[in-house]
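**Student:** So that we are looking at the same thing, I have put the structure below in structure tokens.
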Amino acid sequence: MARKTIFEDCDVLVVGGGMAGTGAAFEARHWGRDLKIICVEKANIDRSGAVAQGLYAINCYMGMQWGENMPEDHVRYARNDLMGLVREDLGYDMARHVDSTVHMFDEWGLPMMRNKETGRYQREGKWQIMIHGESYKPIVAEAAKKSADKIYNRIMITHLLKDESKENRIGGAVGFNMRTGDYYVFKAKTVIVAAGGASHIFKPRAVGEGMGRTWYAPWSNGSAYALPIEVGAKMTQMENRIVLCRFKDGYGPVGAYFLHLKTYTQNANGENYEKKWYEETKKLVGEYIDHHPVPTCLRNHAFIKEVAAGGGPIHMVTKEAFQDPHLETVGWENFLGMTVGQAVVWASQNIDPKYTNPELTTSEPYVMGSHATCSGAWVSGPEDIAPDDYFWGYNRMTSIDGLFGAGDTVGGSAHKFSSGSFTEGRLAAKAAVKYIQDKKANGIEVSEKQYQNLKEVIYKPMENYTVGRNEITGGTVSPSYISPIQGLQRLQKIMDEYCGGITNNYMTNENLLKRGLELLDWLQEDLENVGAEDYHQLMRAWELKHRTITSQCVTEHTLYRKETRWPGYYYRGDHMKLDDENWHCLTVSQRDQESGKFSMEKKPVYHIVDDKEKKKAS
Amino acid sequence: MSTFVYMTRCDGCGHCVDICPSDIMHIDETIRRAKNIEPNFCWECYSCVKACPNHAIDVRGYADFAPMGHSVRVRREEEKGTISWKIKFRNGTVKDFISPITTKPWGKFIPKLAEGDKPNQGEINSQILYSEPKGLNTNKDLPKVEKSSFKKGVYY
């Protein structure tokens, strides 16, 4: 079938127009006035990414102007929450810039709530400020639209291009338009991957119509990882998946409830179950359980243990707070502003938190780099504060020259959330412009052979379907192809059962992981035969392929780290204890492009700020 | 839910098709109206509901855990800068909420950087970003830490 090929040459190519991508497009224009900046988005930039439906809080704001927090405080916080292992240079860097990002959002018209007494932004907790953020995404999208030369909507980037004149250098990216079917070749001097993390690689709790109501958006398909992994970029902390403790079924947020409404959890008998599991947890992780605040994973751990011991359901005690009409409004608007589905669940089940304490649950695992977790690409830190082991010329540049990351793509920089992801996009964009100005991108060659080969690969699922469909009378069962949803369910089952999903209570071990890898290899082979009926299904096919390669990387990392660093996120049954002696390090992987095999190594953790906070707390 | 579309209200304009982050709102070629082609990939994000000029799209909670008889309706008014919600429980309880969605006329205060002042030569080699350090509102330079204080390894 003849399909049009459309070429676009540019200086800065931003893959993904979510929070990180819009930040990148914006900042790239400031520093690169004459550069050609293109942003490519799988959906529509006005409502795309994790912030598509809005947010009710900005979870990362220092408030340096009021002396509320300094970047080093945030480093201590993120380090503590991730059980000691983060890239402190990246976290510090994000934190020292994030306030200027938030101040711009305020200027642009994002409705910030203010404390009536102090006039400052209304704090939800130490790091969060409250907003009326229904239109958060359209507002930042406008900034990107005003900055980029062009925004392409409905194009899915499937592969990155490598430069053929110089080893280990990026050359652009390719993808297809899911409306027209046209093939797009973007030749670019720099590429900033700002795509989404991965939902739906583990089997979700709801597997029927409600499978889409995952905590993280179902359209976040791991392109943040698959794109760099495929071209051999190094990845870090991919085992550090996240499990969320959220309101049942809707996965509605709990942050405002805990921090602002001062609601709390209890088991079915009205007991504070967390302290019941203190001694047991201490045996696993030692003094980490004494840190303040208690790391997210350890709170999950108490929840999981309590439910397994028969103490469920666990409830959020809302009946007290919701007697205050203002707090009741905050409680509901919190959902309407960012997780409408939870309001739908409560309306359907007659759960009025004023009279009923709602149920909580722990979610299926997700892989991402921007929340209370830090999976992602191994990138260079900023020149002035990065240890030598973490610095190779350009801030947020991956181990591939000219390939940058931001948001979920960047590993090691946890707790950046929406504002920090936008900020990280800005950091990556400035570095990308500098890379071009330093003439590092001269003489890039991308041969016709390279992009023509990829064209064949990209559309193969449609050929598979066309040929295979003719062999059968109808239905969904074919001996020669599987559909994207069939492949997705197989992936989710493998990851769930072998890599620490919900049905195994987040438990795995070396034997399970090795078997999981075998099954993933076969899935990978079978995905050569995935069949796509139309361009929409072709998108689903490529989402699945990106999820699968991400899953392989996650499983390899989980196998490599022989300890249980984050009980409550997952457990290595064969190494149940946290092991600082051997594993106080970052894990780094690299996939060989020819063989598809992953190699693993340890990288040191550098602590760039002291532990003042801990002493204060104890 | 997922979303569904009322036959008599939809005129097939395609706003929902353009906006859906999951690409599941499509025009049915036979009836020339929109429909949700993949309810199990719907996040209930309401982007399509908000975008529909005819209020033709609604949500019915996901069949696997939401009993019927509820509704959560929304009206997003850009000119007024507000969003209004009406929540109806299965038992008939009704709750109304209204929130601002912007504080400024749309887009007017978002700068077009290409037309603004160019950054000074040399700033590209510094650590500052657009609007910094002024935009931090601290009257100070960007914070940094001295590399001599870095420590490697276990630190707790």
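Residue numbering restarts at 1 for every chain of the structure tokens, chains are lettered A, B, ... in their displayed order, and ligands are numbered from 1 as they appear.
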Please provide as a PyMOL selection string all residues within 7 Å of Ser99 in chain B, with the sequence filter that same-chain residues fewer than 4 positions apart are discarded (counting only C-alpha atoms).

**Tutor:** (chain A and resi 132) or (chain B and resi 82-84)

**Student:** For Arg76 in chain B, which of A:Glu134, A:Asp73, A:Cys39, A:His292 is the closest residue, counting only C-alpha atoms?

**Tutor:**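 The shortest atom-to-atom distance to Arg76 in chain B comes from A:Glu134.
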
**Student:** Counting only C-alpha atoms, which of B:Pro111, B:Gly61, B:Gly116, B:Gly12 gets nearest to Arg90 in chain B?

**Tutor:**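 Counting only C-alpha atoms, the residue closest to Arg90 in chain B is B:Gly61.
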
**Student:** Quick one: pull the distance between CA of Asn40 in chain B and CA of Pro204 in chain A, Å, one decimal.

**Tutor:**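 Between CA of Asn40 in chain B and CA of Pro204 in chain A the gap works out to 11.6 Å.
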
**Student:** Can you tell me, as a list in words, what residues are no more than 7 Å from Ser47 in chain B when counting only C-alpha atoms, ignoring any on the same chain fewer than 6 positions away?

**Tutor:**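 Selected residues are Arg47 and Gln53 of chain A; Ile19 and Cys20 of chain B.
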
**Student:** Write out as a PyMOL selection string which residues come within 12 Å of range 100-106 of chain B when counting only C-alpha atoms, dropping same-chain ones fewer than 2 positions away.

**Tutor:** (chain A and resi 53-56+105-113+131-143+333+337) or (chain B and resi 75-85+97-98+108-111)

**Student:** For Pro567 in chain A, work out the shell of residues within 9 Å, counting only C-alpha atoms and skipping chain neighbours fewer than 5 positions away, then give it as a list in words.

**Tutor:** Thr281, Leu284, Val285, Cys297, Leu298, Asn300, His301, Tyr506, Arg572, Met576, Lys577 and Leu578 of chain A

**Student:** Apply DSSP to the structure's backbone, then extract all residues of range 95-155 of chain B labelled helix (DSSP H, G or I) and return them as an MDAnalysis selection string.

**Tutor:** chainID B and resid 113:115 123:125 134:136 147:149

**Student:** Dump N, CA and C atoms for the selected residues as a short mmCIF file (atom, residue, chain, number, x, y, z; two decimals), in the first residue's frame?

**Tutor:**
```cif
data_model
loop_
_atom_site.label_atom_id
_atom_site.label_comp_id
_atom_site.auth_asym_id
_atom_site.auth_seq_id
_atom_site.Cartn_x
_atom_site.Cartn_y
_atom_site.Cartn_z
N LEU B 113 7.41 34.47 23.09
CA LEU B 113 8.82 34.70 23.39
C LEU B 113 9.61 35.20 22.19
N ALA B 114 9.20 34.79 21.00
CA ALA B 114 9.94 35.19 19.81
C ALA B 114 9.93 36.70 19.63
N GLU B 115 8.95 37.36 20.21
CA GLU B 115 8.85 38.81 20.07
C GLU B 115 9.43 39.56 21.27
N GLU B 123 24.43 34.06 28.76
CA GLU B 123 23.47 33.46 29.68
C GLU B 123 23.19 32.00 29.32
N ILE B 124 23.45 31.66 28.08
CA ILE B 124 23.23 30.26 27.67
C ILE B 124 24.17 29.35 28.45
N ASN B 125 25.32 29.90 28.87
CA ASN B 125 26.26 29.07 29.64
C ASN B 125 26.00 29.11 31.14
N LYS B 134 15.08 36.84 38.45
CA LYS B 134 14.03 37.75 38.93
C LYS B 134 12.74 36.99 39.24
N GLY B 135 12.38 36.05 38.34
CA GLY B 135 11.10 35.35 38.46
C GLY B 135 10.99 34.43 39.67
N LEU B 136 12.11 34.25 40.38
CA LEU B 136 12.04 33.44 41.61
C LEU B 136 11.49 34.27 42.77
N LYS B 147 30.46 21.59 45.51
CA LYS B 147 30.76 20.18 45.23
C LYS B 147 31.63 19.53 46.31
N SER B 148 32.39 20.36 47.02
CA SER B 148 33.29 19.80 48.03
C SER B 148 32.53 19.10 49.16
N SER B 149 31.22 19.43 49.29
CA SER B 149 30.45 18.82 50.39
C SER B 149 29.80 17.49 50.00
#
```

**Student:** Considering only C-alpha atoms, state which residue in the set A:Ile192, A:Val477, A:Ala78, A:Ala256 is at the smallest distance from Val379 in chain A.

**Tutor:**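 So, comparing all the options, the nearest one is A:Ile192.
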
**Student:** Choose the residue, out of A:Gly411, A:Gly172, A:Pro293, A:Pro387, that has the smallest atom-to-atom separation from chain B; count only C-alpha atoms.

**Tutor:**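 Checking each candidate against chain B, we get A:Pro387 as the closest.
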
**Student:** Excluding range 447-455 of chain A and residues on its chain fewer than 5 positions from it, collect all residues at most 8 Å away from it, counting only C-alpha atoms, and give them as JSON, numbers by chain.

**Tutor:** {"A": [159, 161, 164, 174, 183, 185]}

**Student:** What gap, in Å, lies between CA of His536 in chain A and CA of Met338 in chain A?

**Tutor:**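 CA of Met338 in chain A lies 26.2 Å from CA of His536 in chain A.
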
**Student:** At a cut-off of 7 Å, using only C-alpha atoms, what residues contact Asn464 in chain A? Leave out same-chain residues fewer than 5 positions from it and give the result as a list in words.

**Tutor:**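 Residues meeting the cut-off are Tyr481, Asn529, Val530 and Gly531 of chain A.
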
**Student:** Keeping only C-alpha atoms, write the selected residues to a file as a short mmCIF file (atom, residue, chain, number, x, y, z; two decimals), in the first residue's frame.

**Tutor:**
```
data_model
loop_
_atom_site.label_atom_id
_atom_site.label_comp_id
_atom_site.auth_asym_id
_atom_site.auth_seq_id
_atom_site.Cartn_x
_atom_site.Cartn_y
_atom_site.Cartn_z
CA TYR A 481 -2.14 -12.66 14.35
CA ASN A 529 2.44 -10.73 14.33
CA VAL A 530 0.22 -8.19 16.02
CA GLY A 531 -2.65 -7.28 13.72
#
```

**Student:** Using only C-alpha atoms, can you tell me which of B:Ile24, B:Ala34, B:Ala56, B:Ala66 comes closest to Met178 in chain A?

**Tutor:**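 Of the candidates, the smallest distance to Met178 in chain A is held by B:Ile24.
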
**Student:** Pull the strand (DSSP E) assignments for chain B out of DSSP run on the backbone, and list those residues as a PyMOL selection string.

**Tutor:** chain B and resi 3-5+25-28+33-36+57-59+71-77+82-88+94-100+151-152

**Student:** I need the chosen residues saved as a short mmCIF file (atom, residue, chain, number, x, y, z; two decimals), in the first residue's frame, with N, CA and C atoms.

**Tutor:**
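Result written to again-v1.cif:
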```cif
data_model
loop_
_atom_site.label_atom_id
_atom_site.label_comp_id
_atom_site.auth_asym_id
_atom_site.auth_seq_id
_atom_site.Cartn_x
_atom_site.Cartn_y
_atom_site.Cartn_z
N THR B 3 -17.97 7.14 28.48
CA THR B 3 -18.84 8.10 27.81
C THR B 3 -19.77 7.40 26.84
N PHE B 4 -20.91 8.02 26.60
CA PHE B 4 -21.82 7.61 25.52
C PHE B 4 -22.42 8.88 24.93
N VAL B 5 -23.05 8.75 23.77
CA VAL B 5 -23.53 9.92 23.05
C VAL B 5 -25.03 9.78 22.77
N MET B 25 -13.15 8.55 20.79
CA MET B 25 -14.38 9.11 20.25
C MET B 25 -14.20 9.20 18.73
N HIS B 26 -15.05 8.47 18.04
CA HIS B 26 -14.96 8.44 16.58
C HIS B 26 -16.34 8.70 15.97
N ILE B 27 -16.37 9.14 14.72
CA ILE B 27 -17.64 9.35 14.04
C ILE B 27 -18.07 8.03 13.40
N ASP B 28 -19.27 7.59 13.70
CA ASP B 28 -19.84 6.40 13.07
C ASP B 28 -20.25 6.77 11.65
N ARG B 33 -22.66 10.25 13.46
CA ARG B 33 -22.60 10.86 14.79
C ARG B 33 -21.44 10.22 15.55
N ALA B 34 -21.07 10.86 16.66
CA ALA B 34 -19.93 10.37 17.42
C ALA B 34 -20.32 9.19 18.28
N LYS B 35 -19.34 8.33 18.56
CA LYS B 35 -19.55 7.25 19.53
C LYS B 35 -18.22 6.88 20.16
N ASN B 36 -18.33 6.25 21.34
CA ASN B 36 -17.15 5.77 22.05
C ASN B 36 -16.84 4.36 21.53
N ILE B 57 -22.90 14.43 25.08
CA ILE B 57 -22.10 13.34 25.64
C ILE B 57 -22.29 13.28 27.15
N ASP B 58 -22.50 12.09 27.66
CA ASP B 58 -22.65 11.90 29.10
C ASP B 58 -21.83 10.67 29.50
N VAL B 59 -21.82 10.43 30.79
CA VAL B 59 -21.01 9.35 31.33
C VAL B 59 -21.89 8.42 32.14
N SER B 71 -25.48 10.41 38.06
CA SER B 71 -24.93 11.20 36.96
C SER B 71 -24.02 12.30 37.49
N VAL B 72 -22.99 12.61 36.72
CA VAL B 72 -22.10 13.72 37.03
C VAL B 72 -22.02 14.57 35.76
N ARG B 73 -22.71 15.71 35.78
CA ARG B 73 -22.80 16.56 34.59
C ARG B 73 -21.94 17.80 34.76
N VAL B 74 -21.48 18.32 33.64
CA VAL B 74 -20.57 19.47 33.70
C VAL B 74 -20.91 20.49 32.62
N ARG B 75 -20.67 21.74 32.94
CA ARG B 75 -20.80 22.81 31.96
C ARG B 75 -19.58 23.73 32.13
N ARG B 76 -18.73 23.74 31.11
CA ARG B 76 -17.51 24.56 31.17
C ARG B 76 -17.73 25.79 30.30
N GLU B 77 -17.68 26.97 30.93
CA GLU B 77 -17.95 28.20 30.20
C GLU B 77 -16.70 29.06 30.11
N THR B 82 -15.59 29.80 34.15
CA THR B 82 -16.04 28.93 35.24
C THR B 82 -16.36 27.52 34.74
N ILE B 83 -16.39 26.62 35.68
CA ILE B 83 -16.87 25.27 35.39
C ILE B 83 -17.87 24.88 36.48
N SER B 84 -19.02 24.36 36.06
CA SER B 84 -20.10 24.01 36.99
C SER B 84 -20.37 22.52 36.92
N TRP B 85 -20.58 21.93 38.09
CA TRP B 85 -20.81 20.48 38.17
C TRP B 85 -22.12 20.20 38.90
N LYS B 86 -22.79 19.19 38.46
CA LYS B 86 -23.96 18.71 39.19
C LYS B 86 -23.80 17.20 39.38
N ILE B 87 -23.74 16.79 40.65
CA ILE B 87 -23.56 15.37 40.96
C ILE B 87 -24.90 14.84 41.47
N LYS B 88 -25.38 13.78 40.83
CA LYS B 88 -26.62 13.16 41.29
C LYS B 88 -26.33 11.72 41.72
N VAL B 94 -28.37 15.38 45.55
CA VAL B 94 -27.79 16.23 44.52
C VAL B 94 -26.77 17.17 45.16
N LYS B 95 -25.64 17.35 44.50
CA LYS B 95 -24.64 18.31 44.98
C LYS B 95 -24.18 19.15 43.80
N ASP B 96 -24.07 20.46 44.03
CA ASP B 96 -23.63 21.38 42.97
C ASP B 96 -22.31 22.06 43.36
N PHE B 97 -21.45 22.22 42.39
CA PHE B 97 -20.18 22.90 42.64
C PHE B 97 -19.84 23.79 41.46
N ILE B 98 -19.19 24.91 41.76
CA ILE B 98 -18.72 25.79 40.69
C ILE B 98 -17.32 26.30 41.03
N SER B 99 -16.42 26.28 40.05
CA SER B 99 -15.03 26.70 40.27
C SER B 99 -14.56 27.60 39.14
N PRO B 100 -13.59 28.47 39.44
CA PRO B 100 -12.98 29.24 38.35
C PRO B 100 -12.04 28.36 37.54
N LYS B 151 28.93 13.70 49.33
CA LYS B 151 29.35 12.43 49.94
C LYS B 151 28.81 11.28 49.13
N LYS B 152 29.60 10.22 49.06
CA LYS B 152 29.22 9.07 48.26
C LYS B 152 28.81 7.93 49.18
#
```

**Student:** Can you work out the spacing between CA of Thr180 in chain A and CA of Thr158 in chain A in Å, to one decimal?

**Tutor:**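 Atom-to-atom, CA of Thr180 in chain A to CA of Thr158 in chain A, that is 16.0 Å.
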